[in-house]
$ cat upload11.txt   # compact mmCIF, C-alpha atoms
# COMPACT_ATOMS: atom_id res chain seq x y z
CA MET A 1 40.70 74.50 103.42
CA ASP A 2 40.94 71.80 106.10
CA GLY A 3 41.61 68.39 104.57
CA THR A 4 40.90 66.62 107.85
CA GLN A 5 37.20 66.92 107.11
CA GLY A 6 37.63 64.01 104.64
CA SER A 7 34.58 63.54 102.44
CA GLY A 8 32.50 66.37 103.97
CA SER A 9 31.94 67.57 100.43
CA GLU A 10 33.00 66.53 96.96
CA ARG A 11 35.17 69.62 96.70
CA ASP A 12 37.00 68.77 99.92
CA GLU A 13 37.47 65.19 98.77
CA GLN A 14 38.86 66.34 95.41
CA ALA A 15 41.35 68.56 97.24
CA ARG A 16 42.36 65.66 99.47
CA LEU A 17 42.84 63.33 96.49
CA SER A 18 44.90 65.99 94.70
CA ALA A 19 47.10 66.30 97.78
CA LEU A 20 47.48 62.50 97.87
CA GLN A 21 48.48 62.40 94.19
CA SER A 22 51.14 65.06 94.81
CA TYR A 23 53.18 62.56 96.84
CA ARG A 24 53.54 60.27 93.78
CA LEU A 25 53.46 57.10 95.87
CA LEU A 26 50.49 55.34 94.28
CA ASP A 27 51.30 52.49 91.88
CA ARG A 28 55.01 52.83 92.55
CA PRO A 29 57.57 50.68 94.38
CA LYS A 30 57.27 51.03 98.13
CA PRO A 31 59.85 53.41 99.61
CA ALA A 32 62.21 51.46 101.88
CA VAL A 33 61.74 54.01 104.67
CA LEU A 34 57.98 53.33 104.86
CA ASP A 35 58.54 49.57 104.81
CA ASP A 36 61.00 50.04 107.67
CA LEU A 37 58.43 52.05 109.62
CA THR A 38 55.76 49.35 109.27
CA ARG A 39 58.22 46.65 110.36
CA LEU A 40 59.03 48.71 113.45
CA ALA A 41 55.31 49.25 114.20
CA SER A 42 54.60 45.53 113.73
CA SER A 43 57.43 44.67 116.11
CA MET A 44 56.40 47.25 118.72
CA PHE A 45 52.76 46.09 118.76
CA ASP A 46 53.62 42.40 118.26
CA THR A 47 51.22 42.05 115.33
CA PRO A 48 51.83 39.98 112.16
CA MET A 49 50.57 42.75 109.88
CA ALA A 50 51.05 46.51 109.57
CA ALA A 51 50.70 49.04 106.78
CA VAL A 52 50.99 52.64 105.65
CA SER A 53 47.65 52.70 103.84
CA LEU A 54 46.88 55.56 101.46
CA VAL A 55 43.15 55.96 100.79
CA ASP A 56 42.45 56.69 97.11
CA ARG A 57 39.04 57.28 95.51
CA ASP A 58 38.09 53.59 95.21
CA ARG A 59 40.99 51.68 96.80
CA GLN A 60 43.65 51.73 99.49
CA TRP A 61 47.28 51.49 98.39
CA PHE A 62 49.93 50.12 100.76
CA ALA A 63 52.90 52.48 100.46
CA GLY A 64 54.62 50.42 103.15
CA SER A 65 53.58 47.08 104.58
CA VAL A 66 54.57 43.90 106.36
CA GLY A 67 52.60 40.64 106.39
CA LEU A 68 50.21 41.72 103.62
CA GLY A 69 50.51 39.98 100.27
CA GLU A 70 48.63 42.42 98.04
CA PRO A 71 49.77 45.97 97.17
CA GLN A 72 46.20 47.30 97.38
CA THR A 73 42.62 46.37 98.30
CA PRO A 74 39.20 47.76 97.32
CA LEU A 75 37.83 50.53 99.47
CA ASP A 76 34.76 48.50 100.40
CA VAL A 77 36.90 46.23 102.63
CA SER A 78 39.12 49.02 103.98
CA PHE A 79 39.21 49.67 107.71
CA CYS A 80 41.52 52.63 107.07
CA ALA A 81 38.84 54.33 104.97
CA HIS A 82 36.86 54.79 108.20
CA VAL A 83 39.79 56.68 109.73
CA VAL A 84 39.90 59.38 107.02
CA PRO A 85 36.55 61.18 107.61
CA GLN A 86 37.06 61.55 111.36
CA ALA A 87 40.86 61.99 111.34
CA GLN A 88 40.96 60.14 114.67
CA PRO A 89 42.43 56.79 115.74
CA LEU A 90 40.18 53.79 115.15
CA ILE A 91 40.46 50.74 117.43
CA VAL A 92 38.59 47.53 116.59
CA PRO A 93 39.27 44.88 119.28
CA ASP A 94 37.33 42.14 117.43
CA ALA A 95 36.07 42.77 113.90
CA THR A 96 33.67 39.81 114.05
CA ARG A 97 31.77 41.62 116.81
CA ASP A 98 31.66 44.97 115.03
CA GLN A 99 28.71 45.32 112.66
CA ARG A 100 30.67 47.73 110.45
CA PHE A 101 33.26 45.09 109.57
CA ALA A 102 31.90 41.66 110.49
CA THR A 103 30.92 40.82 106.89
CA TYR A 104 34.09 42.11 105.22
CA SER A 105 35.74 39.49 103.00
CA ASN A 106 39.09 40.05 104.73
CA VAL A 107 37.38 39.29 108.05
CA VAL A 108 35.34 36.21 107.11
CA GLY A 109 38.12 35.03 104.77
CA GLN A 110 41.86 35.55 104.48
CA PRO A 111 43.78 37.05 106.21
CA GLY A 112 41.10 36.70 108.92
CA ILE A 113 41.34 40.16 110.44
CA ARG A 114 40.22 40.32 114.05
CA PHE A 115 42.10 43.21 115.66
CA TYR A 116 42.70 46.53 113.90
CA ALA A 117 44.23 49.76 115.19
CA GLY A 118 44.82 52.69 112.87
CA ALA A 119 45.90 56.32 113.32
CA PRO A 120 45.39 59.02 110.66
CA ILE A 121 48.30 60.14 108.49
CA ILE A 122 47.77 63.91 108.31
CA ASP A 123 50.13 65.96 106.18
CA GLU A 124 51.46 69.44 106.86
CA ASP A 125 48.53 70.99 104.97
CA GLY A 126 45.96 69.19 107.13
CA TYR A 127 44.89 66.56 104.60
CA THR A 128 44.21 63.07 105.91
CA LEU A 129 45.95 60.87 103.37
CA GLY A 130 45.26 57.50 104.97
CA ALA A 131 46.28 55.63 108.10
CA LEU A 132 49.13 53.76 109.69
CA CYS A 133 47.63 50.57 111.02
CA VAL A 134 48.58 47.40 112.87
CA ILE A 135 46.51 44.25 112.32
CA ASP A 136 46.20 40.87 114.01
CA ASP A 137 44.26 37.70 113.29
CA LYS A 138 43.44 37.42 116.99
CA PRO A 139 41.21 39.74 119.08
CA ARG A 140 43.05 42.02 121.49
CA ASP A 141 42.90 45.30 123.39
CA VAL A 142 45.31 48.25 123.50
CA THR A 143 46.31 50.70 126.20
CA ASP A 144 46.11 54.48 125.96
CA ARG A 145 49.93 54.61 125.77
CA GLN A 146 49.90 52.21 122.81
CA VAL A 147 47.39 54.45 121.03
CA GLU A 148 49.70 57.41 121.67
CA ASN A 149 52.60 55.45 120.16
CA LEU A 150 50.50 54.56 117.13
CA VAL A 151 49.69 58.25 116.59
CA ALA A 152 53.43 58.98 116.81
CA PHE A 153 54.14 56.34 114.15
CA ALA A 154 51.50 57.89 111.88
CA GLY A 155 53.13 61.29 112.38
CA GLN A 156 56.45 59.79 111.34
CA ALA A 157 54.81 58.36 108.19
CA ALA A 158 53.51 61.82 107.27
CA THR A 159 56.97 63.29 107.86
CA HIS A 160 58.62 60.64 105.68
CA MET A 161 56.10 61.22 102.89
CA THR A 162 56.69 64.96 102.98
CA ALA A 163 60.43 64.40 102.74
CA ILE A 164 60.00 62.02 99.80
CA ARG A 165 57.80 64.55 97.99
CA THR A 166 60.28 67.36 98.68
CA ARG A 167 63.15 65.33 97.26
CA MET A 168 61.19 64.55 94.10
CA ARG A 169 60.29 68.21 93.63
CA MET A 170 63.93 69.22 94.06
CA SER A 171 64.88 66.60 91.49
CA ASP A 172 62.33 68.00 89.05
CA LEU A 173 64.00 71.37 89.44
CA GLY A 174 67.32 69.82 88.53
CA ASP A 175 69.02 70.15 91.89
CA GLU A 176 72.15 67.98 91.81
CA LEU A 177 71.99 67.16 95.52
CA ALA A 178 68.44 65.91 95.15
CA ARG A 179 69.46 63.77 92.17
CA ALA A 180 72.27 62.23 94.22
CA SER A 181 69.82 61.45 96.99
CA GLN A 182 67.42 59.94 94.46
CA ARG A 183 70.17 57.75 93.04
CA GLU A 184 70.82 56.49 96.55
CA ASP A 185 67.12 55.69 96.94
CA ASP A 186 67.17 53.92 93.56
CA LEU A 187 70.05 51.76 94.75
CA VAL A 188 68.14 50.80 97.89
CA ALA A 189 65.01 50.13 95.81
CA THR A 190 66.98 47.93 93.40
CA ILE A 191 68.48 45.85 96.20
CA THR A 192 65.05 45.65 97.81
CA HIS A 193 63.58 44.34 94.56
CA GLU A 194 66.42 42.00 93.62
CA LEU A 195 67.07 40.49 97.06
CA ARG A 196 64.84 41.56 99.92
CA THR A 197 61.55 41.34 98.06
CA PRO A 198 62.08 37.80 96.66
CA VAL A 199 63.29 36.58 100.05
CA ALA A 200 60.25 38.14 101.73
CA SER A 201 58.03 36.36 99.20
CA ILE A 202 59.75 33.06 99.95
CA GLN A 203 59.23 33.66 103.66
CA GLY A 204 55.54 34.24 103.07
CA TYR A 205 55.17 30.92 101.28
CA LEU A 206 57.16 29.20 104.03
CA GLU A 207 54.72 30.58 106.60
CA LEU A 208 51.82 29.15 104.58
CA LEU A 209 53.56 25.78 104.39
CA GLY A 210 54.26 25.88 108.12
CA ASP A 211 50.52 26.20 108.81
CA GLN A 212 49.68 23.01 106.89
CA ASP A 213 49.02 20.17 109.33
CA ASP A 214 50.05 17.49 106.84
CA LEU A 215 53.49 19.12 106.55
CA ALA A 216 54.12 19.09 110.30
CA PRO A 217 56.94 16.50 109.99
CA TYR A 218 58.83 18.95 107.75
CA ARG A 219 58.41 21.97 110.02
CA ARG A 220 61.88 21.49 111.46
CA LEU A 221 63.23 22.04 107.93
CA ILE A 222 60.99 25.00 107.09
CA GLU A 223 61.73 27.05 110.21
CA PRO A 224 65.54 27.31 109.69
CA ILE A 225 64.99 28.42 106.08
CA HIS A 226 62.60 31.15 107.23
CA ARG A 227 64.94 32.25 110.03
CA ASN A 228 67.95 32.47 107.74
CA GLY A 229 65.95 34.43 105.17
CA GLN A 230 65.23 37.02 107.84
CA ARG A 231 68.92 37.15 108.72
CA LEU A 232 69.84 37.65 105.05
CA VAL A 233 67.52 40.64 104.64
CA ALA A 234 68.71 42.17 107.91
CA MET A 235 72.36 41.73 106.90
CA VAL A 236 71.82 43.47 103.54
CA ASP A 237 70.15 46.41 105.26
CA HIS A 238 72.95 46.52 107.84
CA ILE A 239 75.72 46.59 105.24
CA LEU A 240 73.95 49.24 103.16
CA ALA A 241 73.59 51.49 106.20
CA GLY A 242 77.20 51.04 107.24
CA THR A 243 78.87 51.42 103.83
CA ARG A 244 77.24 54.70 102.87
CA PRO A 245 79.99 57.05 101.57
CA ALA A 246 81.24 59.44 104.24
CA GLY A 247 80.26 62.52 102.25
CA ALA A 248 76.85 61.26 101.14
CA PRO A 249 73.82 62.94 102.70
CA ILE A 250 71.67 60.73 104.93
CA PRO A 251 68.01 61.86 104.71
CA ASP A 252 66.69 62.86 108.10
CA HIS A 253 62.89 62.72 108.39
CA VAL A 254 62.31 64.33 111.74
CA GLY A 255 59.27 64.92 113.88
CA THR A 256 58.56 65.22 117.60
CA VAL A 257 58.92 61.78 119.21
CA ASP A 258 59.35 60.40 122.71
CA LEU A 259 62.91 59.26 123.45
CA VAL A 260 61.46 56.65 125.82
CA THR A 261 59.52 55.17 122.88
CA VAL A 262 62.71 55.15 120.80
CA VAL A 263 64.49 53.13 123.49
CA ALA A 264 61.51 50.78 123.89
CA ALA A 265 61.61 50.06 120.14
CA ALA A 266 65.35 49.33 120.33
CA VAL A 267 64.90 46.99 123.30
CA ASN A 268 62.11 45.19 121.49
CA ALA A 269 64.31 44.73 118.41
CA CYS A 270 66.95 43.07 120.63
CA ARG A 271 64.40 40.81 122.33
CA PRO A 272 65.76 37.56 120.78
CA LEU A 273 69.19 38.27 122.30
CA ILE A 274 67.73 39.39 125.63
CA SER A 275 65.57 36.26 125.93
CA GLN A 276 68.70 34.10 125.92
CA ARG A 277 70.09 35.82 129.02
CA PRO A 278 69.27 34.98 132.64
CA ALA A 279 70.42 38.51 133.59
CA SER A 280 68.00 41.33 132.82
CA VAL A 281 68.19 44.49 130.77
CA GLU A 282 66.95 47.34 132.95
CA VAL A 283 65.65 50.64 131.61
CA HIS A 284 65.56 53.69 133.88
CA ALA A 285 63.59 56.53 132.35
CA VAL A 286 61.24 59.40 133.11
CA ASP A 287 57.73 59.35 131.64
CA HIS A 288 58.29 61.54 128.56
CA VAL A 289 61.41 62.96 126.90
CA PRO A 290 60.28 64.82 123.75
CA ILE A 291 62.93 65.23 121.04
CA ARG A 292 63.07 66.10 117.33
CA ALA A 293 64.11 62.88 115.62
CA ASP A 294 63.52 60.25 112.98
CA LEU A 295 62.05 57.53 115.17
CA THR A 296 63.03 54.61 112.92
CA ARG A 297 66.67 55.67 112.43
CA LEU A 298 67.30 56.72 116.01
CA ALA A 299 65.81 53.48 117.33
CA HIS A 300 68.16 51.64 114.96
CA ALA A 301 71.13 53.56 116.40
CA VAL A 302 70.19 52.65 119.99
CA GLU A 303 69.60 49.06 118.86
CA GLN A 304 73.17 48.83 117.50
CA ILE A 305 74.64 50.07 120.78
CA LEU A 306 72.46 47.77 122.89
CA ARG A 307 73.27 44.81 120.64
CA ASN A 308 77.00 45.43 121.15
CA ALA A 309 76.50 45.57 124.92
CA LEU A 310 74.60 42.27 124.90
CA LEU A 311 77.12 40.49 122.67
CA PHE A 312 80.14 41.54 124.76
CA THR A 313 78.60 41.06 128.21
CA PRO A 314 78.46 37.65 129.92
CA VAL A 315 74.88 36.41 130.07
CA ASP A 316 74.82 36.46 133.87
CA ARG A 317 75.60 40.19 134.07
CA GLN A 318 73.13 43.08 133.73
CA VAL A 319 72.94 45.72 131.03
CA LEU A 320 71.53 49.07 132.16
CA ILE A 321 69.91 51.73 129.98
CA ALA A 322 69.30 55.23 131.34
CA VAL A 323 67.15 57.84 129.57
CA GLN A 324 67.49 61.43 130.75
CA GLY A 325 65.69 64.62 129.74
CA GLY A 326 66.68 68.25 130.05
CA ARG A 327 68.40 70.59 127.61
CA ARG A 328 70.51 67.73 126.21
CA PRO A 329 68.42 64.55 126.37
CA SER A 330 70.51 61.41 126.41
CA VAL A 331 70.51 57.62 126.26
CA GLU A 332 73.28 55.81 128.13
CA VAL A 333 73.94 52.08 127.78
CA ASN A 334 76.12 50.63 130.54
CA ASP A 335 77.34 47.05 130.43
CA HIS A 336 79.45 44.93 132.75
CA GLY A 337 81.29 43.15 129.98
CA ILE A 338 84.88 42.58 128.94
CA GLY A 339 85.58 46.23 128.17
CA ILE A 340 87.53 47.64 125.21
CA PRO A 341 91.35 47.51 125.33
CA PRO A 342 92.95 51.00 125.27
CA ASP A 343 94.84 50.25 122.04
CA GLU A 344 91.52 49.46 120.26
CA MET A 345 89.58 52.51 121.48
CA PRO A 346 90.74 54.84 118.63
CA TYR A 347 89.28 52.45 116.05
CA VAL A 348 85.87 51.50 117.47
CA PHE A 349 84.00 53.77 115.04
CA ASP A 350 85.95 52.61 111.97
CA ARG A 351 83.99 50.66 109.40
CA PHE A 352 84.49 46.88 109.60
CA PHE A 353 86.75 47.14 112.65
CA ARG A 354 86.52 44.08 114.88
CA GLY A 355 88.56 43.78 118.03
CA ALA A 356 90.70 40.84 119.01
CA HIS A 357 88.03 39.41 121.35
CA ALA A 358 85.37 39.52 118.60
CA ARG A 359 87.66 37.73 116.15
CA GLU A 360 88.93 35.12 118.58
CA HIS A 361 85.50 34.24 119.98
CA ALA A 362 83.58 34.56 116.68
CA VAL A 363 81.21 37.20 118.08
CA PRO A 364 78.48 37.80 115.46
CA GLY A 365 78.77 40.97 113.38
CA VAL A 366 80.77 42.64 110.63
CA GLY A 367 82.09 45.66 112.53
CA LEU A 368 79.52 48.23 111.40
CA GLY A 369 77.29 48.71 114.46
CA LEU A 370 79.01 51.72 116.03
CA THR A 371 79.68 53.25 112.59
CA ILE A 372 75.98 53.14 111.77
CA ALA A 373 74.99 54.42 115.21
CA ARG A 374 77.35 57.40 115.07
CA ASN A 375 76.27 58.35 111.53
CA ILE A 376 72.61 58.34 112.58
CA VAL A 377 73.25 60.29 115.79
CA GLU A 378 75.30 62.94 113.97
CA THR A 379 72.51 63.49 111.43
CA HIS A 380 70.38 64.39 114.46
CA ASP A 381 73.00 66.99 115.53
CA GLY A 382 73.89 64.74 118.42
CA THR A 383 77.05 63.05 119.68
CA LEU A 384 77.93 59.44 120.45
CA THR A 385 80.78 58.74 122.85
CA VAL A 386 82.16 55.44 124.09
CA THR A 387 84.25 54.96 127.24
CA SER A 388 85.52 51.72 128.70
CA THR A 389 87.25 50.10 131.65
CA PRO A 390 88.21 46.44 132.22
CA GLY A 391 84.86 46.05 134.02
CA GLY A 392 82.61 47.27 131.21
CA SER A 393 81.78 49.97 128.69
CA THR A 394 79.47 52.96 128.46
CA ALA A 395 77.99 54.33 125.24
CA ARG A 396 76.23 57.69 125.52
CA ILE A 397 74.03 59.39 122.94
CA SER A 398 73.42 63.11 123.58
CA LEU A 399 70.78 64.93 121.53
CA PRO A 400 69.41 68.45 121.20
CA GLY A 401 66.25 69.07 123.19
CA THR A 402 63.01 70.35 121.67
CA VAL A 403 62.75 74.09 121.10
$ encode --input "upload11.txt" --output "structure tokens"
Amino acid sequence: MDGTQGSGSERDEQARLSALQSYRLLDRPKPAVLDDLTRLASSMFDTPMAAVSLVDRDRQWFAGSVGLGEPQTPLDVSFCAHVVPQAQPLIVPDATRDQRFATYSNVVGQPGIRFYAGAPIIDEDGYTLGALCVIDDKPRDVTDRQVENLVAFAGQAATHMTAIRTRMRMSDLGDELARASQREDDLVATITHELRTPVASIQGYLELLGDQDDLAPYRRLIEPIHRNGQRLVAMVDHILAGTRPAGAPIPDHVGTVDLVTVVAAAVNACRPLISQRPASVEVHAVDHVPIRADLTRLAHAVEQILRNALLFTPVDRQVLIAVQGGRRPSVEVNDHGIGIPPDEMPYVFDRFFRGAHAREHAVPGVGLGLTIARNIVETHDGTLTVTSTPGGSTARISLPGTV
């Protein structure tokens, strides 16, 4: 039975809803990995809102989201519900000019949706479970390449959901490895609830306060609070990723992705650092380099390497990124910075190691970037090597090609 036919018949819809229930994501805390994916999509598309929206019988549930205050909305104001029957991307440049959506309460009222782009989340059995969407309160257009990237993000969401369901099924069977993995997820969920979630809520209220005209004189006080809240959440995530026990399994949710898109996501994540530099960051790449990878994690690994290059390279010198295809696709980050002293090279992958230059010049960081990057790369059956001379350093990620 092909679930991509959506509501073609009541029987098909019942089968789709049964498949959706089997993932056990409805009415539960959002998995951190899906929240991470929506943050990456929001950053890539430069939209204030994004979601992994699961379409239930009479509602849509956000299994991952950024910029949306509610965990669910009724189906009668759901854009994503229109994606399910066709199982095709839906692009709405301006909802106020589209008769299907112009009267929706979330268009005429808050959050004032104007632009919507959603791609179907289709599981391995062919059921369309919902959509991964990016949303803006301003009208806009998208390119064909952006639509392709959105489809790739939706594919990653489906892959993550399958992995989550598999782990839960293994746990039900009493597999000790699955229970260990679940305990790790519980730890992340607890920290998310106890720290990240309250801070995110505070940031949301700060954004509302920042939009009030009568509070304009206090905006200079509100903005630093919001900025430091973002730094706090990022630091917690960074430490969690870098302090994972050496023998603990790191879940790898893989699908076919474009290595060029991975690098673009990493560059975008480093945009605040790049914008402070008069010298450019150049990317040399072919059009498509297909690999089997977890897009979110691999982009995070490249981000850590690029961030190191930017922090240890004078602002007037270039940083070059080269993406190569072939049997062993690779990403190479070359900087023209201070280089790594030979006596420090054996320790660059050690947790919390910071070289003399980093300590003396108070370079931001806690010494986990390369540790995190190598752990992620090795879970992809790849290698990360670092070489250095007094005139700069080169970090190279090599990965298996697609079969």
$ atom_distance --input "upload11.txt" --atom1 "CA of Ser280 (chain A)" --atom2 "CA of Asn268 (chain A)"
13.3 Å
$ residues_around --input "upload11.txt" --residues "Cys133 (chain A)" --least-positions-apart "6" --cutoff "10 Å" --atoms "all atoms listed in the file" --output "ChimeraX atom specification"
/A:38,41-42,49-53,65,79-80,89-91,116-121,150-151,153-154
$ write_last_selection --input "upload11.txt" --atoms "C-alpha atoms" --output "mmCIF file, keeping the file's coordinate frame"
data_model
loop_
_atom_site.group_PDB
_atom_site.id
_atom_site.type_symbol
_atom_site.label_atom_id
_atom_site.label_comp_id
_atom_site.auth_asym_id
_atom_site.auth_seq_id
_atom_site.Cartn_x
_atom_site.Cartn_y
_atom_site.Cartn_z
ATOM 1 C CA THR A 38 55.760 49.350 109.270
ATOM 2 C CA ALA A 41 55.310 49.250 114.200
ATOM 3 C CA SER A 42 54.600 45.530 113.730
ATOM 4 C CA MET A 49 50.570 42.750 109.880
ATOM 5 C CA ALA A 50 51.050 46.510 109.570
ATOM 6 C CA ALA A 51 50.700 49.040 106.780
ATOM 7 C CA VAL A 52 50.990 52.640 105.650
ATOM 8 C CA SER A 53 47.650 52.700 103.840
ATOM 9 C CA SER A 65 53.580 47.080 104.580
ATOM 10 C CA PHE A 79 39.210 49.670 107.710
ATOM 11 C CA CYS A 80 41.520 52.630 107.070
ATOM 12 C CA PRO A 89 42.430 56.790 115.740
ATOM 13 C CA LEU A 90 40.180 53.790 115.150
ATOM 14 C CA ILE A 91 40.460 50.740 117.430
ATOM 15 C CA TYR A 116 42.700 46.530 113.900
ATOM 16 C CA ALA A 117 44.230 49.760 115.190
ATOM 17 C CA GLY A 118 44.820 52.690 112.870
ATOM 18 C CA ALA A 119 45.900 56.320 113.320
ATOM 19 C CA PRO A 120 45.390 59.020 110.660
ATOM 20 C CA ILE A 121 48.300 60.140 108.490
ATOM 21 C CA LEU A 150 50.500 54.560 117.130
ATOM 22 C CA VAL A 151 49.690 58.250 116.590
ATOM 23 C CA PHE A 153 54.140 56.340 114.150
ATOM 24 C CA ALA A 154 51.500 57.890 111.880
#
$ closest_residue --input "upload11.txt" --among "A:His82, A:Val302, A:Gln212, A:Gln318" --to "Leu384 (chain A)" --atoms "only C-alpha atoms"
A:Val302
$ closest_residue --input "upload11.txt" --among "A:Arg59, A:Arg220, A:Arg145, A:Arg24" --to "Met161 (chain A)" --atoms "all atoms listed in the file"
A:Arg24
$ atom_distance --input "upload11.txt" --atom1 "CA of Gly325 (chain A)" --atom2 "CA of Ala269 (chain A)"
22.9 Å
$ build_atoms --input "upload11.txt" --residues "region 40-47 of chain A" --atoms "all heavy atoms" --output "PDB file, in the coordinates of the input"
ATOM      1  N   LEU A  40      58.825  48.269 112.073  1.00  0.00           N
ATOM      2  CA  LEU A  40      59.030  48.710 113.450  1.00  0.00           C
ATOM      3  C   LEU A  40      57.699  48.740 114.198  1.00  0.00           C
ATOM      4  O   LEU A  40      57.620  48.315 115.360  1.00  0.00           O
ATOM      5  CB  LEU A  40      59.670  50.104 113.447  1.00  0.00           C
ATOM      6  CG  LEU A  40      60.088  50.668 114.807  1.00  0.00           C
ATOM      7  CD1 LEU A  40      61.127  49.759 115.458  1.00  0.00           C
ATOM      8  CD2 LEU A  40      60.649  52.076 114.646  1.00  0.00           C
ATOM      9  N   ALA A  41      56.627  49.224 113.550  1.00  0.00           N
ATOM     10  CA  ALA A  41      55.310  49.250 114.200  1.00  0.00           C
ATOM     11  C   ALA A  41      54.823  47.834 114.498  1.00  0.00           C
ATOM     12  O   ALA A  41      54.300  47.552 115.582  1.00  0.00           O
ATOM     13  CB  ALA A  41      54.307  49.990 113.308  1.00  0.00           C
ATOM     14  N   SER A  42      55.003  46.921 113.526  1.00  0.00           N
ATOM     15  CA  SER A  42      54.600  45.530 113.730  1.00  0.00           C
ATOM     16  C   SER A  42      55.341  44.913 114.900  1.00  0.00           C
ATOM     17  O   SER A  42      54.764  44.190 115.724  1.00  0.00           O
ATOM     18  CB  SER A  42      54.868  44.730 112.450  1.00  0.00           C
ATOM     19  OG  SER A  42      54.620  43.354 112.643  1.00  0.00           O
ATOM     20  N   SER A  43      56.625  45.207 115.002  1.00  0.00           N
ATOM     21  CA  SER A  43      57.430  44.670 116.110  1.00  0.00           C
ATOM     22  C   SER A  43      56.995  45.266 117.442  1.00  0.00           C
ATOM     23  O   SER A  43      56.855  44.548 118.435  1.00  0.00           O
ATOM     24  CB  SER A  43      58.909  44.964 115.842  1.00  0.00           C
ATOM     25  OG  SER A  43      59.710  44.549 116.921  1.00  0.00           O
ATOM     26  N   MET A  44      56.779  46.583 117.477  1.00  0.00           N
ATOM     27  CA  MET A  44      56.400  47.250 118.720  1.00  0.00           C
ATOM     28  C   MET A  44      55.059  46.737 119.246  1.00  0.00           C
ATOM     29  O   MET A  44      54.869  46.569 120.447  1.00  0.00           O
ATOM     30  CB  MET A  44      56.328  48.753 118.496  1.00  0.00           C
ATOM     31  CG  MET A  44      57.667  49.459 118.572  1.00  0.00           C
ATOM     32  SD  MET A  44      58.269  49.586 120.267  1.00  0.00           S
ATOM     33  CE  MET A  44      57.108  50.769 120.951  1.00  0.00           C
ATOM     34  N   PHE A  45      54.094  46.496 118.343  1.00  0.00           N
ATOM     35  CA  PHE A  45      52.760  46.090 118.760  1.00  0.00           C
ATOM     36  C   PHE A  45      52.584  44.574 118.743  1.00  0.00           C
ATOM     37  O   PHE A  45      51.525  44.071 119.088  1.00  0.00           O
ATOM     38  CB  PHE A  45      51.697  46.749 117.868  1.00  0.00           C
ATOM     39  CG  PHE A  45      51.471  48.207 118.164  1.00  0.00           C
ATOM     40  CD1 PHE A  45      52.296  49.173 117.611  1.00  0.00           C
ATOM     41  CD2 PHE A  45      50.461  48.608 119.013  1.00  0.00           C
ATOM     42  CE1 PHE A  45      52.106  50.523 117.889  1.00  0.00           C
ATOM     43  CE2 PHE A  45      50.257  49.951 119.304  1.00  0.00           C
ATOM     44  CZ  PHE A  45      51.083  50.907 118.743  1.00  0.00           C
ATOM     45  N   ASP A  46      53.646  43.858 118.309  1.00  0.00           N
ATOM     46  CA  ASP A  46      53.620  42.400 118.260  1.00  0.00           C
ATOM     47  C   ASP A  46      52.439  41.892 117.437  1.00  0.00           C
ATOM     48  O   ASP A  46      51.684  41.015 117.859  1.00  0.00           O
ATOM     49  CB  ASP A  46      53.576  41.823 119.685  1.00  0.00           C
ATOM     50  CG  ASP A  46      53.858  40.322 119.697  1.00  0.00           C
ATOM     51  OD1 ASP A  46      54.526  39.841 118.766  1.00  0.00           O
ATOM     52  OD2 ASP A  46      53.388  39.629 120.631  1.00  0.00           O
ATOM     53  N   THR A  47      52.261  42.478 116.248  1.00  0.00           N
ATOM     54  CA  THR A  47      51.220  42.050 115.330  1.00  0.00           C
ATOM     55  C   THR A  47      51.864  41.505 114.060  1.00  0.00           C
ATOM     56  O   THR A  47      52.928  41.969 113.657  1.00  0.00           O
ATOM     57  CB  THR A  47      50.268  43.202 114.950  1.00  0.00           C
ATOM     58  OG1 THR A  47      51.029  44.238 114.292  1.00  0.00           O
ATOM     59  CG2 THR A  47      49.579  43.766 116.177  1.00  0.00           C
TER      60      THR A  47
END
